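Heads up: the structure comes next, in structure tokens.
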Amino acid sequence: DYQCPFCRRFFNDAFPEIKKQYIDTGKVKLVFRDFPLSFHLAAQPAAEAAECVRDQGGDEDYFKIHDKIFEEQNKQGQGTAQFSAEDIKKWAKDLGYDINNCLDSGKFRSEVQKDLNDAQAAGGQGTPYFVIIGKDGETIPLSGAQPFSAFDSALKAAGA
């Protein structure tokens with residue numbers, strides 16, 4: 001959820017260490033799925049915008065807009081950041097992407113909703129929500145803005 005302050009906390013605090021120790025070393029693969037909560041009005045368009053950028057440039061570009069949205073959220077303070085679809089379009093444009101038609105058309109609305117439905121079916125009740133899948137297929141759910149140590153323990157338990 002791009003508007004969730006707890007997701008922002010994960011992005012700022014735990015994620016850099018997870019990336020350094022697990023993702024960049026090839027021990028784990030991180031897959032982001034969308035989970036826009038209905039009371040975060042900018043979360044759905046932000047998730048759709050990220051999919052629009054991925055459609056234009058692939059996964060690397062997806063992460064550019066993903067990171068940009070959270071960086072802009074950081075500039076807006078510690079509450080639930082308020083931003084609009086127009087802000088998101090501008091941020092995409094700053095990165096070299098024109099997502100106006102894609103976002104306005106709702107091209108990825110159902111894809112984002114599918115991710116949300118999948119998250120809820122997997123037990124997610126709030127954001128951020130994580131499902132760590134171990135080498136043997138065992139799943140370990142983590143909910144909330146957990147510290148790196150919680151992820152470290154879960155990833156090690158999963159065989160990473």
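Identifiers in this document derive from the order of the structure tokens: chains are assigned A, B, ..., residues are numbered from 1 separately in each chain, and ligands are numbered from 1 in order of occurrence.
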Hey, could you make a per-residue contact list for segment 69-111 of chain A against segment 38-60 of chain A with 10 Å as the cut-off, showing the nearest pair of atoms and its distance in Å to one decimal, counting only C-alpha atoms, sorted by chain and number, as JSON lines?
```
{"residue": "A:Ile69", "atom": "CA", "partner": "A:Ala46", "partner_atom": "CA", "distance": 7.7}
{"residue": "A:Thr80", "atom": "CA", "partner": "A:His40", "partner_atom": "CA", "distance": 8.0}
{"residue": "A:Ala81", "atom": "CA", "partner": "A:Ala42", "partner_atom": "CA", "distance": 8.9}
{"residue": "A:Gln82", "atom": "CA", "partner": "A:Ala42", "partner_atom": "CA", "distance": 7.3}
{"residue": "A:Phe83", "atom": "CA", "partner": "A:Ala42", "partner_atom": "CA", "distance": 6.3}
{"residue": "A:Ser84", "atom": "CA", "partner": "A:Ala42", "partner_atom": "CA", "distance": 5.9}
{"residue": "A:Ala85", "atom": "CA", "partner": "A:Pro45", "partner_atom": "CA", "distance": 6.1}
{"residue": "A:Glu86", "atom": "CA", "partner": "A:Pro45", "partner_atom": "CA", "distance": 9.7}
{"residue": "A:Asp87", "atom": "CA", "partner": "A:Ala46", "partner_atom": "CA", "distance": 9.5}
{"residue": "A:Ile88", "atom": "CA", "partner": "A:Ala46", "partner_atom": "CA", "distance": 6.6}
{"residue": "A:Lys89", "atom": "CA", "partner": "A:Ala49", "partner_atom": "CA", "distance": 7.6}
{"residue": "A:Trp91", "atom": "CA", "partner": "A:Ala49", "partner_atom": "CA", "distance": 10.0}
{"residue": "A:Ala92", "atom": "CA", "partner": "A:Val53", "partner_atom": "CA", "distance": 7.6}
{"residue": "A:Leu95", "atom": "CA", "partner": "A:Val53", "partner_atom": "CA", "distance": 9.7}
{"residue": "A:Gly96", "atom": "CA", "partner": "A:Val53", "partner_atom": "CA", "distance": 9.6}
{"residue": "A:Tyr97", "atom": "CA", "partner": "A:Val53", "partner_atom": "CA", "distance": 6.7}
{"residue": "A:Asp98", "atom": "CA", "partner": "A:Val53", "partner_atom": "CA", "distance": 8.3}
{"residue": "A:Ile99", "atom": "CA", "partner": "A:Cys52", "partner_atom": "CA", "distance": 6.1}
{"residue": "A:Asn100", "atom": "CA", "partner": "A:Ala49", "partner_atom": "CA", "distance": 8.9}
{"residue": "A:Asn101", "atom": "CA", "partner": "A:Cys52", "partner_atom": "CA", "distance": 9.3}
{"residue": "A:Cys102", "atom": "CA", "partner": "A:Cys52", "partner_atom": "CA", "distance": 6.0}
{"residue": "A:Leu103", "atom": "CA", "partner": "A:Ala49", "partner_atom": "CA", "distance": 5.9}
{"residue": "A:Asp104", "atom": "CA", "partner": "A:Pro45", "partner_atom": "CA", "distance": 9.2}
{"residue": "A:Gly106", "atom": "CA", "partner": "A:Glu48", "partner_atom": "CA", "distance": 7.5}
{"residue": "A:Lys107", "atom": "CA", "partner": "A:Glu48", "partner_atom": "CA", "distance": 7.9}
{"residue": "A:Phe108", "atom": "CA", "partner": "A:Glu48", "partner_atom": "CA", "distance": 5.4}
{"residue": "A:Arg109", "atom": "CA", "partner": "A:Glu48", "partner_atom": "CA", "distance": 6.2}
{"residue": "A:Ser110", "atom": "CA", "partner": "A:Glu48", "partner_atom": "CA", "distance": 9.2}
{"residue": "A:Glu111", "atom": "CA", "partner": "A:Glu48", "partner_atom": "CA", "distance": 8.2}
```
Only N, CA, C and O atoms, please: the residues just picked out, written as a tab-separated table (two decimals), in the first residue's frame.
```tsv
chain	number	residue	atom	x	y	z
A	69	ILE	N	7.73	6.72	-5.36
A	69	ILE	CA	6.49	7.00	-4.61
A	69	ILE	C	6.79	7.01	-3.12
A	69	ILE	O	6.35	7.92	-2.40
A	80	THR	N	-0.25	9.66	7.24
A	80	THR	CA	-0.61	9.04	5.97
A	80	THR	C	-0.44	10.10	4.89
A	80	THR	O	-1.17	11.09	4.87
A	81	ALA	N	0.53	9.91	4.04
A	81	ALA	CA	0.86	10.91	3.02
A	81	ALA	C	-0.32	11.13	2.09
A	81	ALA	O	-0.97	10.19	1.66
A	82	GLN	N	-0.59	12.37	1.81
A	82	GLN	CA	-1.67	12.73	0.88
A	82	GLN	C	-1.05	13.10	-0.46
A	82	GLN	O	-0.22	14.00	-0.53
A	83	PHE	N	-1.42	12.40	-1.49
A	83	PHE	CA	-0.99	12.73	-2.84
A	83	PHE	C	-2.06	12.27	-3.80
A	83	PHE	O	-2.94	11.50	-3.43
A	84	SER	N	-1.99	12.76	-5.01
A	84	SER	CA	-3.05	12.50	-5.98
A	84	SER	C	-2.51	11.73	-7.18
A	84	SER	O	-1.29	11.57	-7.34
A	85	ALA	N	-3.43	11.32	-8.04
A	85	ALA	CA	-3.04	10.68	-9.30
A	85	ALA	C	-2.19	11.64	-10.13
A	85	ALA	O	-1.25	11.20	-10.80
A	86	GLU	N	-2.49	12.92	-10.06
A	86	GLU	CA	-1.69	13.91	-10.81
A	86	GLU	C	-0.26	13.96	-10.28
A	86	GLU	O	0.68	14.09	-11.06
A	87	ASP	N	-0.10	13.87	-8.97
A	87	ASP	CA	1.25	13.82	-8.39
A	87	ASP	C	2.00	12.59	-8.91
A	87	ASP	O	3.17	12.68	-9.30
A	88	ILE	N	1.33	11.46	-8.91
A	88	ILE	CA	1.95	10.21	-9.36
A	88	ILE	C	2.36	10.31	-10.83
A	88	ILE	O	3.45	9.89	-11.21
A	89	LYS	N	1.49	10.90	-11.65
A	89	LYS	CA	1.82	11.09	-13.07
A	89	LYS	C	3.06	11.95	-13.22
A	89	LYS	O	3.93	11.68	-14.07
A	91	TRP	N	5.51	12.32	-10.99
A	91	TRP	CA	6.67	11.55	-10.55
A	91	TRP	C	7.11	10.58	-11.63
A	91	TRP	O	8.31	10.39	-11.87
A	92	ALA	N	6.15	9.94	-12.30
A	92	ALA	CA	6.49	9.04	-13.40
A	92	ALA	C	7.16	9.81	-14.53
A	92	ALA	O	8.17	9.36	-15.09
A	95	LEU	N	10.68	10.53	-14.06
A	95	LEU	CA	11.52	9.36	-14.33
A	95	LEU	C	11.56	9.00	-15.81
A	95	LEU	O	12.23	8.05	-16.20
A	96	GLY	N	10.81	9.75	-16.64
A	96	GLY	CA	10.83	9.52	-18.08
A	96	GLY	C	9.69	8.69	-18.62
A	96	GLY	O	9.78	8.17	-19.74
A	97	TYR	N	8.61	8.54	-17.86
A	97	TYR	CA	7.48	7.72	-18.30
A	97	TYR	C	6.22	8.56	-18.42
A	97	TYR	O	5.91	9.35	-17.54
A	98	ASP	N	5.49	8.35	-19.50
A	98	ASP	CA	4.19	8.98	-19.67
A	98	ASP	C	3.15	7.90	-19.41
A	98	ASP	O	2.92	7.03	-20.24
A	99	ILE	N	2.53	7.98	-18.24
A	99	ILE	CA	1.56	6.96	-17.85
A	99	ILE	C	0.13	7.52	-17.88
A	99	ILE	O	-0.79	6.83	-17.43
A	100	ASN	N	-0.05	8.71	-18.39
A	100	ASN	CA	-1.36	9.36	-18.34
A	100	ASN	C	-2.47	8.48	-18.91
A	100	ASN	O	-3.48	8.23	-18.26
A	101	ASN	N	-2.31	8.03	-20.15
A	101	ASN	CA	-3.36	7.23	-20.78
A	101	ASN	C	-3.57	5.90	-20.06
A	101	ASN	O	-4.70	5.47	-19.85
A	102	CYS	N	-2.49	5.26	-19.69
A	102	CYS	CA	-2.58	3.98	-18.99
A	102	CYS	C	-3.32	4.14	-17.67
A	102	CYS	O	-4.25	3.39	-17.38
A	103	LEU	N	-2.93	5.12	-16.89
A	103	LEU	CA	-3.55	5.30	-15.58
A	103	LEU	C	-5.01	5.73	-15.72
A	103	LEU	O	-5.89	5.20	-15.04
A	104	ASP	N	-5.27	6.67	-16.62
A	104	ASP	CA	-6.63	7.16	-16.81
A	104	ASP	C	-7.58	6.07	-17.32
A	104	ASP	O	-8.76	6.07	-17.01
A	106	GLY	N	-7.51	2.90	-16.55
A	106	GLY	CA	-7.77	1.83	-15.59
A	106	GLY	C	-7.27	0.48	-16.06
A	106	GLY	O	-7.74	-0.57	-15.60
A	107	LYS	N	-6.30	0.49	-16.96
A	107	LYS	CA	-5.78	-0.74	-17.57
A	107	LYS	C	-5.39	-1.80	-16.54
A	107	LYS	O	-5.59	-2.99	-16.77
A	108	PHE	N	-4.83	-1.39	-15.41
A	108	PHE	CA	-4.34	-2.35	-14.42
A	108	PHE	C	-5.19	-2.40	-13.15
A	108	PHE	O	-4.79	-2.99	-12.15
A	109	ARG	N	-6.38	-1.80	-13.20
A	109	ARG	CA	-7.25	-1.80	-12.02
A	109	ARG	C	-7.56	-3.22	-11.55
A	109	ARG	O	-7.45	-3.54	-10.37
A	110	SER	N	-7.92	-4.10	-12.47
A	110	SER	CA	-8.29	-5.46	-12.06
A	110	SER	C	-7.06	-6.25	-11.59
A	110	SER	O	-7.18	-7.09	-10.69
A	111	GLU	N	-5.90	-5.98	-12.16
A	111	GLU	CA	-4.67	-6.65	-11.72
A	111	GLU	C	-4.36	-6.28	-10.27
A	111	GLU	O	-4.02	-7.14	-9.45
```
Compile a residue-level contact table for segment 27-60 of chain A against segment 128-143 of chain A at a cut-off of 10 Å, reporting for every qualifying residue the shortest atom pair and its distance in Å to one decimal, with only C-alpha atoms counted, rows ordered by chain and ascending number, as a Markdown table.
```
| residue | atom | partner | partner_atom | distance |
| --- | --- | --- | --- | --- |
| A:Val28 | CA | A:Ile132 | CA | 9.6 |
| A:Lys29 | CA | A:Ile132 | CA | 10.0 |
| A:Leu30 | CA | A:Ile132 | CA | 9.2 |
| A:Val31 | CA | A:Phe130 | CA | 9.7 |
| A:Phe32 | CA | A:Phe130 | CA | 9.2 |
| A:Arg33 | CA | A:Phe130 | CA | 9.4 |
| A:Asp34 | CA | A:Pro128 | CA | 9.8 |
| A:Phe35 | CA | A:Pro128 | CA | 8.0 |
| A:Pro36 | CA | A:Pro128 | CA | 9.8 |
```
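Relative to atom CA of Gln73 of chain A, atom CA of Leu155 of chain A is found at 27.9 Å.
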**Request:** Write down as a PyMOL selection string the residues of chain A whose backbone DSSP state falls under alpha helix (DSSP H).
**Result:** chain A and resi 5-12+14-18+43-57+59-75+85-94+100-105+109-121+148-157
In chain A, DSSP strand (DSSP E or B) residues written as an mmCIF file with C-alpha atoms, in the first residue's frame:
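Now in states-v3.cif:
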```
data_model
loop_
_atom_site.group_PDB
_atom_site.id
_atom_site.type_symbol
_atom_site.label_atom_id
_atom_site.label_comp_id
_atom_site.auth_asym_id
_atom_site.auth_seq_id
_atom_site.Cartn_x
_atom_site.Cartn_y
_atom_site.Cartn_z
ATOM 1 C CA TYR A 129 1.750 -8.004 4.890
ATOM 2 C CA PHE A 130 4.424 -10.520 3.937
ATOM 3 C CA VAL A 131 4.396 -14.209 3.142
ATOM 4 C CA ILE A 132 7.786 -15.875 3.257
ATOM 5 C CA ILE A 133 7.832 -19.117 1.311
ATOM 6 C CA THR A 139 4.749 -20.300 4.472
ATOM 7 C CA ILE A 140 5.602 -17.865 7.234
ATOM 8 C CA PRO A 141 3.348 -14.798 7.415
ATOM 9 C CA LEU A 142 4.594 -11.505 8.856
ATOM 10 C CA SER A 143 2.304 -8.560 9.370
#
```
**Prompt:** Using only C-alpha atoms, which of the listed residues (A:Phe70, A:Phe6, A:Phe11, A:Phe148) sits closest to Gly126 of chain A?
**Reply:** A:Phe6
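Within 10 Å of Asp152 of chain A, once only C-alpha atoms are used and residues closer than 3 positions along the same chain are dropped, the contacting residues are Ala14, Glu17, Ile18, Gln21, Tyr22, Pro147, Phe148, Ser149, Leu155, Lys156, Ala157, Ala158 and Ala160 of chain A.
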Would you mind exporting the chosen residues as a tab-separated table (two decimals), in the first residue's frame, restricted to C-alpha atoms?
```tsv
chain	number	residue	atom	x	y	z
A	14	ALA	CA	13.92	-3.10	7.31
A	17	GLU	CA	19.01	-4.48	5.21
A	18	ILE	CA	16.90	-7.27	3.68
A	21	GLN	CA	21.82	-9.31	3.14
A	22	TYR	CA	19.32	-11.44	1.23
A	147	PRO	CA	12.15	-4.79	12.32
A	148	PHE	CA	14.86	-6.41	10.23
A	149	SER	CA	15.45	-8.97	13.01
A	155	LEU	CA	14.11	-16.00	6.41
A	156	LYS	CA	16.59	-18.20	8.25
A	157	ALA	CA	13.73	-20.45	9.43
A	158	ALA	CA	12.61	-20.69	5.80
A	160	ALA	CA	17.50	-18.67	3.25
```
**Message:** So that I can see what lies close to Arg8 of chain A, please list as a PyMOL selection string the residues with an atom at most 12 Å from it, counting only C-alpha atoms and leaving out residues fewer than 3 positions away in the same chain.
**Reply:** chain A and resi 1-5+11-16+66-81+127-128+144-146
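Distance annotation: of A:Ser153, A:Lys64, A:Leu37, A:Lys90, the residue with the minimal separation from Val112 of chain A is A:Leu37; atom set is only C-alpha atoms.
Relative to atom CA of Ile23 of chain A, atom CA of Gly159 of chain A is found at 13.8 Å.
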